[in-house]
Number of protein chains: 2
Amino acid sequence: MFNQFRNKFPLDDSKWNEYTSYFKRLEVSAKTILLEEGEISKRLFIIEKGCIRVWFNNNGKDLTTQFFFENQSVASIESFIKKLPSPVFVETIEPSVLWWIHKSDVDIILEEIKEIPELRDHLINRLFQRTFDYIHHFVSFIKDSPAQRYLNLSEENPQIIQRVPQHYIASYLGVSTVHLSRIKSKLLQKK
Amino acid sequence: MFNQFRNKFPLDDSKWNEYTSYFKRLEVSAKTILLEEGEISKRLFIIEKGCIRVWFNNNGKDLTTQFFFENQSVASIESFIKKLPSPVFVETIEPSVLWWIHKSDVDIILEEIKEIPELRDHLINRLFQRTFDYIHHFVSFIKDSPAQRYLNLSEENPQIIQRVPQHYIASYLGVSTVHLSRIKSKLLQKK
DNA sequence: ATCATTTGATAACAAATGTTATCGTCTGTC
DNA sequence: GACAGACGATAACATTTGTTATCAAATGAT
């Protein structure tokens with residue numbers, strides 16, 4: 001699982017082996033809740049196989065805010081970093097194979113690799129990029145129609161369209177399930 | 001201008017004086033464009049007095065994505081960091097007093113203060129916080145009605161309501177100017 | 001003071017989107 | 001195979017929101 005990332009990290013073998021040994025394997029069925037709303041997130045997950053959504057309950061309706069697939073890391077990020085109760089659920093969509101690491105081990109690793117400029121800059125750049133991604137996502141809400149947002153998603157993240165049940169996608173795009181269904185059928189007519 | 005921040009930075013006086021000397025003062029009228037769309041952002045601004053918006057042109061309509069006030073720093077952030085053509089304009093709303101610093105000087109400072117753990121962690125935390133803020137903003141688009149978004153803004157950032165022309169706020173909230181006007185009048189009726 | 005421009009409110013109508021309900025298909029479980 | 005539940009399409013109707021146009025007030029420049 002971790003060998004594919006080996007060359008991205010300028011670490012000697014002993015550190016590499018130490019860090020990867022912190023991870024534990026976890027195999028779960030679809031619709032397994034990995035983190036409850038209100039719980040403090042203490043585990044960071046990496047997806048070997050499967051997919052995960054992050055969602056919250058808003059007046060009885062569940063609204064999905066993020067999707068994750070193979071090789072991505074997942075947590076209720078604000079809860080994980082600030083040790084606050086999570087405002088969201090983290091739940092598998094498909095049967096999944098995951099690797100997880102405890103927050104205390106992450107803290108150890110982070111503290112150590114801060115001294116390695118190459119890694120440190122790499123992490124900071126990832127942080128910036130994540131911020132930029134959220135800006136793009138938010139801008140699309142004031143710039144694009146729901147139909148356009150659906151088209152964007154098809155291009156930028158076709159996995160979501162292909163693997164995720166449609167009613168989860170609807171709330172992610174900020175529309176009702178009925179309207180998303182309408183959007184799809186209108187797009188089909190045009191082709 | 002900078003003395004108010006002096007105690008936040010654990011730097012000796014010589015470094016402090018060197019860094020602050022990089023900034024130049026700039027006084028401009030309302031509606032001054034500080035950065036054009038397509039231009040590569042090379043200046044970071046700090047607002048001593050006044051306010052600024054970031055916006056872009058979308059099919060003839062101008063859409064505002066951010067507002068900034070006193071003591072905040074402003075740039076087309078992705079352009080500034082990645083040296084890419086800016087997708088947005090940066091423009092004053094009020095007559096403003098600004099201090100700006102060239103990107104090359106920022107790079108020098110950043111490179112140096114990376115070695116100071118306290119400052120480094122502070123900057124990383126600010127980066128995280130900014131990411132969290134964008135997440136909150138984006139979530140409000142799938143969670144709240146436009147009227148609720150307006151109410152949130154009144155509470156979280158009343159300066160925007162008080163100092164920014166309403167038609168700029170409309171696009172920031174993702175509604176037409178006419179509809180924002182309707183939202184306000186409905187809210188007044190209820191009181 | 002006068003004039004043009006900006007800003008914002010409102011009305012009337014059009015278009016987009018939500019809500020509720022119904023139906024059919026598919027999937028997993030027993 | 002039978003059944004329940006999940007999923008998605010569609011229709012009918014209600015509500016929200018956008019568009020265009022008009023008017024009034026505030027603001028800035030001369």
# chains A, B, ... in the order shown; residues from 1 in each chain; ligands from 1
$ calpha_fit_and_write --fixed "chain A" --moving "chain B" --output "CSV table (one decimal) with C-alpha atoms, in the first residue's frame"
chain,number,residue,atom,x,y,z
B,1,MET,CA,0.0,0.0,0.0
B,2,PHE,CA,2.6,2.5,1.0
B,3,ASN,CA,5.4,1.5,-1.4
B,4,GLN,CA,3.8,3.6,-4.1
B,5,PHE,CA,4.5,6.7,-2.1
B,6,ARG,CA,8.0,5.7,-1.0
B,7,ASN,CA,9.9,7.9,-3.5
B,8,LYS,CA,7.9,11.0,-2.6
B,9,PHE,CA,9.4,11.2,0.8
B,10,PRO,CA,13.1,11.9,1.3
B,11,LEU,CA,13.4,9.8,4.4
B,12,ASP,CA,15.9,7.1,5.3
B,13,ASP,CA,14.6,3.6,5.5
B,14,SER,CA,14.4,3.4,9.2
B,15,LYS,CA,12.3,6.5,9.5
B,16,TRP,CA,10.1,5.3,6.6
B,17,ASN,CA,9.6,2.0,8.2
B,18,GLU,CA,8.8,3.6,11.6
B,19,TYR,CA,6.2,6.0,10.1
B,20,THR,CA,4.4,3.4,8.0
B,21,SER,CA,4.3,1.0,10.9
B,22,TYR,CA,2.0,3.5,12.7
B,23,PHE,CA,-0.8,2.6,10.2
B,24,LYS,CA,-3.3,-0.1,10.9
B,25,ARG,CA,-5.4,-1.8,8.2
B,26,LEU,CA,-9.2,-1.7,8.4
B,27,GLU,CA,-11.7,-3.5,6.2
B,28,VAL,CA,-15.3,-2.2,6.3
B,29,SER,CA,-18.6,-2.7,4.5
B,30,ALA,CA,-20.5,0.1,2.7
B,31,LYS,CA,-22.3,2.7,4.8
B,32,THR,CA,-19.9,2.2,7.8
B,33,ILE,CA,-19.7,5.3,9.9
B,34,LEU,CA,-16.1,6.1,10.6
B,35,LEU,CA,-16.7,9.2,12.6
B,36,GLU,CA,-19.9,10.4,14.3
B,37,GLU,CA,-21.0,14.0,14.4
B,38,GLY,CA,-20.0,15.5,17.8
B,39,GLU,CA,-17.1,13.0,18.2
B,40,ILE,CA,-13.6,14.4,18.3
B,41,SER,CA,-11.7,13.1,15.3
B,42,LYS,CA,-8.6,11.1,16.3
B,43,ARG,CA,-8.0,9.0,13.2
B,44,LEU,CA,-6.8,10.0,9.8
B,45,PHE,CA,-7.7,7.5,7.1
B,46,ILE,CA,-6.1,6.6,3.8
B,47,ILE,CA,-8.2,4.8,1.3
B,48,GLU,CA,-6.6,1.7,-0.3
B,49,LYS,CA,-9.9,0.7,-2.0
B,50,GLY,CA,-13.4,2.2,-1.8
B,51,CYS,CA,-14.9,5.6,-1.3
B,52,ILE,CA,-16.0,7.9,1.5
B,53,ARG,CA,-18.3,10.8,2.0
B,54,VAL,CA,-18.3,13.6,4.6
B,55,TRP,CA,-21.8,14.8,5.4
B,56,PHE,CA,-23.9,16.4,8.1
B,57,ASN,CA,-27.6,16.5,9.1
B,58,ASN,CA,-29.4,19.8,8.5
B,59,ASN,CA,-33.0,19.8,9.6
B,60,GLY,CA,-33.5,16.2,8.9
B,61,LYS,CA,-31.8,16.2,5.5
B,62,ASP,CA,-28.3,14.9,5.0
B,63,LEU,CA,-26.0,17.2,3.1
B,64,THR,CA,-22.8,15.8,1.6
B,65,THR,CA,-19.8,18.2,1.5
B,66,GLN,CA,-16.9,16.0,0.3
B,67,PHE,CA,-16.1,12.8,-1.5
B,68,PHE,CA,-12.8,10.8,-1.3
B,69,PHE,CA,-11.4,7.9,-3.3
B,70,GLU,CA,-8.4,5.6,-3.5
B,71,ASN,CA,-5.1,7.0,-2.2
B,72,GLN,CA,-6.7,10.1,-0.6
B,73,SER,CA,-6.5,10.9,3.1
B,74,VAL,CA,-9.7,11.6,5.0
B,75,ALA,CA,-10.6,13.2,8.3
B,76,SER,CA,-13.0,15.7,9.7
B,77,ILE,CA,-10.1,18.0,9.1
B,78,GLU,CA,-11.1,20.9,11.5
B,79,SER,CA,-11.9,18.5,14.3
B,80,PHE,CA,-8.8,16.5,13.7
B,81,ILE,CA,-6.5,19.5,13.8
B,82,LYS,CA,-8.2,21.6,16.5
B,83,LYS,CA,-9.5,18.7,18.6
B,84,LEU,CA,-13.0,20.0,18.4
B,85,PRO,CA,-16.2,18.0,18.2
B,86,SER,CA,-16.8,17.1,14.6
B,87,PRO,CA,-19.7,18.9,12.8
B,88,VAL,CA,-19.8,16.1,10.3
B,89,PHE,CA,-20.1,12.4,9.8
B,90,VAL,CA,-17.5,10.4,7.9
B,91,GLU,CA,-19.0,7.4,6.2
B,92,THR,CA,-18.0,4.8,3.6
B,93,ILE,CA,-20.0,4.7,0.4
B,94,GLU,CA,-18.6,1.4,-1.0
B,95,PRO,CA,-17.1,-1.5,0.9
B,96,SER,CA,-13.6,-0.2,1.6
B,97,VAL,CA,-10.1,-1.1,2.6
B,98,LEU,CA,-8.6,1.6,4.7
B,99,TRP,CA,-5.4,2.4,6.6
B,100,TRP,CA,-5.6,4.6,9.6
B,101,ILE,CA,-3.2,6.4,11.9
B,102,HIS,CA,-3.8,7.9,15.3
B,103,LYS,CA,-3.6,11.7,15.7
B,104,SER,CA,-0.8,11.4,18.3
B,105,ASP,CA,1.3,9.5,15.8
B,106,VAL,CA,0.6,12.1,13.1
B,107,ASP,CA,1.7,14.8,15.5
B,108,ILE,CA,5.0,13.0,16.1
B,109,ILE,CA,5.6,12.7,12.4
B,110,LEU,CA,4.7,16.3,11.7
B,111,GLU,CA,6.9,17.6,14.4
B,112,GLU,CA,9.9,15.6,13.0
B,113,ILE,CA,9.4,16.3,9.3
B,114,LYS,CA,9.1,20.0,9.9
B,115,GLU,CA,12.8,20.1,10.1
B,116,ILE,CA,13.1,18.7,6.5
B,117,PRO,CA,12.7,21.7,4.2
B,118,GLU,CA,11.8,19.7,1.2
B,119,LEU,CA,8.9,17.9,3.0
B,120,ARG,CA,7.9,20.9,4.9
B,121,ASP,CA,7.5,23.0,1.7
B,122,HIS,CA,5.7,20.2,0.0
B,123,LEU,CA,3.1,20.1,2.9
B,124,ILE,CA,2.7,23.8,2.8
B,125,ASN,CA,2.1,23.7,-0.9
B,126,ARG,CA,-0.5,21.0,-0.5
B,127,LEU,CA,-2.2,23.2,2.1
B,128,PHE,CA,-2.3,26.1,-0.2
B,129,GLN,CA,-3.6,24.0,-3.0
B,130,ARG,CA,-6.4,22.7,-0.8
B,131,THR,CA,-7.3,26.3,0.0
B,132,PHE,CA,-7.4,27.2,-3.7
B,133,ASP,CA,-9.6,24.2,-4.4
B,134,TYR,CA,-12.1,25.4,-1.9
B,135,ILE,CA,-12.1,28.9,-3.3
B,136,HIS,CA,-12.8,27.4,-6.8
B,137,HIS,CA,-15.6,25.4,-5.4
B,138,PHE,CA,-17.2,28.3,-3.6
B,139,VAL,CA,-16.7,30.6,-6.7
B,140,SER,CA,-18.6,28.1,-8.8
B,141,PHE,CA,-21.6,28.6,-6.6
B,142,ILE,CA,-21.8,32.3,-7.5
B,143,LYS,CA,-20.7,31.9,-11.1
B,144,ASP,CA,-22.3,28.8,-12.4
B,145,SER,CA,-25.8,27.4,-12.7
B,146,PRO,CA,-26.5,24.0,-11.1
B,147,ALA,CA,-26.4,22.4,-14.5
B,148,GLN,CA,-23.0,24.0,-15.2
B,149,ARG,CA,-21.7,22.8,-11.8
B,150,TYR,CA,-22.8,19.3,-12.8
B,151,LEU,CA,-20.9,19.5,-16.1
B,152,ASN,CA,-17.8,20.8,-14.3
B,153,LEU,CA,-18.0,17.9,-11.9
B,154,SER,CA,-18.3,15.5,-14.8
B,155,GLU,CA,-15.0,16.8,-16.2
B,156,GLU,CA,-13.0,17.5,-13.1
B,157,ASN,CA,-14.1,14.5,-11.0
B,158,PRO,CA,-15.9,11.9,-13.2
B,159,GLN,CA,-15.3,9.3,-10.5
B,160,ILE,CA,-18.0,11.1,-8.4
B,161,ILE,CA,-20.5,10.8,-11.1
B,162,GLN,CA,-19.7,7.2,-11.8
B,163,ARG,CA,-19.4,5.8,-8.3
B,164,VAL,CA,-21.5,7.9,-6.0
B,165,PRO,CA,-25.3,7.5,-5.6
B,166,GLN,CA,-27.0,10.5,-7.2
B,167,HIS,CA,-28.8,11.8,-4.2
B,168,TYR,CA,-25.5,12.4,-2.4
B,169,ILE,CA,-24.2,14.3,-5.4
B,170,ALA,CA,-27.4,16.5,-5.4
B,171,SER,CA,-26.7,18.0,-2.0
B,172,TYR,CA,-23.0,18.4,-2.9
B,173,LEU,CA,-24.1,20.5,-5.9
B,174,GLY,CA,-26.6,22.4,-3.8
B,175,VAL,CA,-29.8,21.2,-5.5
B,176,SER,CA,-32.6,18.8,-4.7
B,177,THR,CA,-32.5,15.2,-5.9
B,178,VAL,CA,-35.4,15.9,-8.2
B,179,HIS,CA,-33.7,18.8,-9.8
B,180,LEU,CA,-30.5,17.0,-10.4
B,181,SER,CA,-32.5,14.3,-12.1
B,182,ARG,CA,-34.1,17.0,-14.3
B,183,ILE,CA,-30.7,18.5,-15.1
B,184,LYS,CA,-29.4,15.1,-16.3
B,185,SER,CA,-32.4,14.4,-18.5
B,186,LYS,CA,-32.2,17.9,-20.1
B,187,LEU,CA,-28.5,17.4,-20.8
B,188,LEU,CA,-29.3,14.0,-22.5
B,189,GLN,CA,-31.9,15.7,-24.7
B,190,LYS,CA,-29.3,18.1,-26.0
B,191,LYS,CA,-26.9,15.5,-27.1
$ select_by_dssp --residues "segment 95-168 of chain A" --states "alpha helix (DSSP H)" --output "JSON, numbers by chain"
{"A": [103, 104, 105, 106, 107, 108, 109, 110, 111, 112, 113, 117, 118, 119, 120, 121, 122, 123, 124, 125, 126, 127, 128, 129, 130, 131, 132, 133, 134, 135, 136, 137, 138, 139, 140, 141, 142, 143, 146, 147, 148, 149, 150, 151, 152, 153, 154, 155, 156, 158, 159, 160, 161, 162, 163, 166, 167, 168]}
$ closest_atom_pairs --of "chain C" --to "chain B" --cutoff "9 Å" --atoms "only C-alpha atoms (C1' of nucleotides)" --output "tab-separated table"
residue	atom	partner	partner_atom	distance
C:DT7	C1'	B:Pro165	CA	7.5
C:DG8	C1'	B:Ser181	CA	7.5
C:DA9	C1'	B:Ser181	CA	7.0
C:DT10	C1'	B:Arg182	CA	8.9
$ interface_residues --of "chain D" --to "chain A" --cutoff "10 Å" --atoms "only C-alpha atoms (C1' of nucleotides)" --output "PyMOL selection string"
chain D and resi 6-10
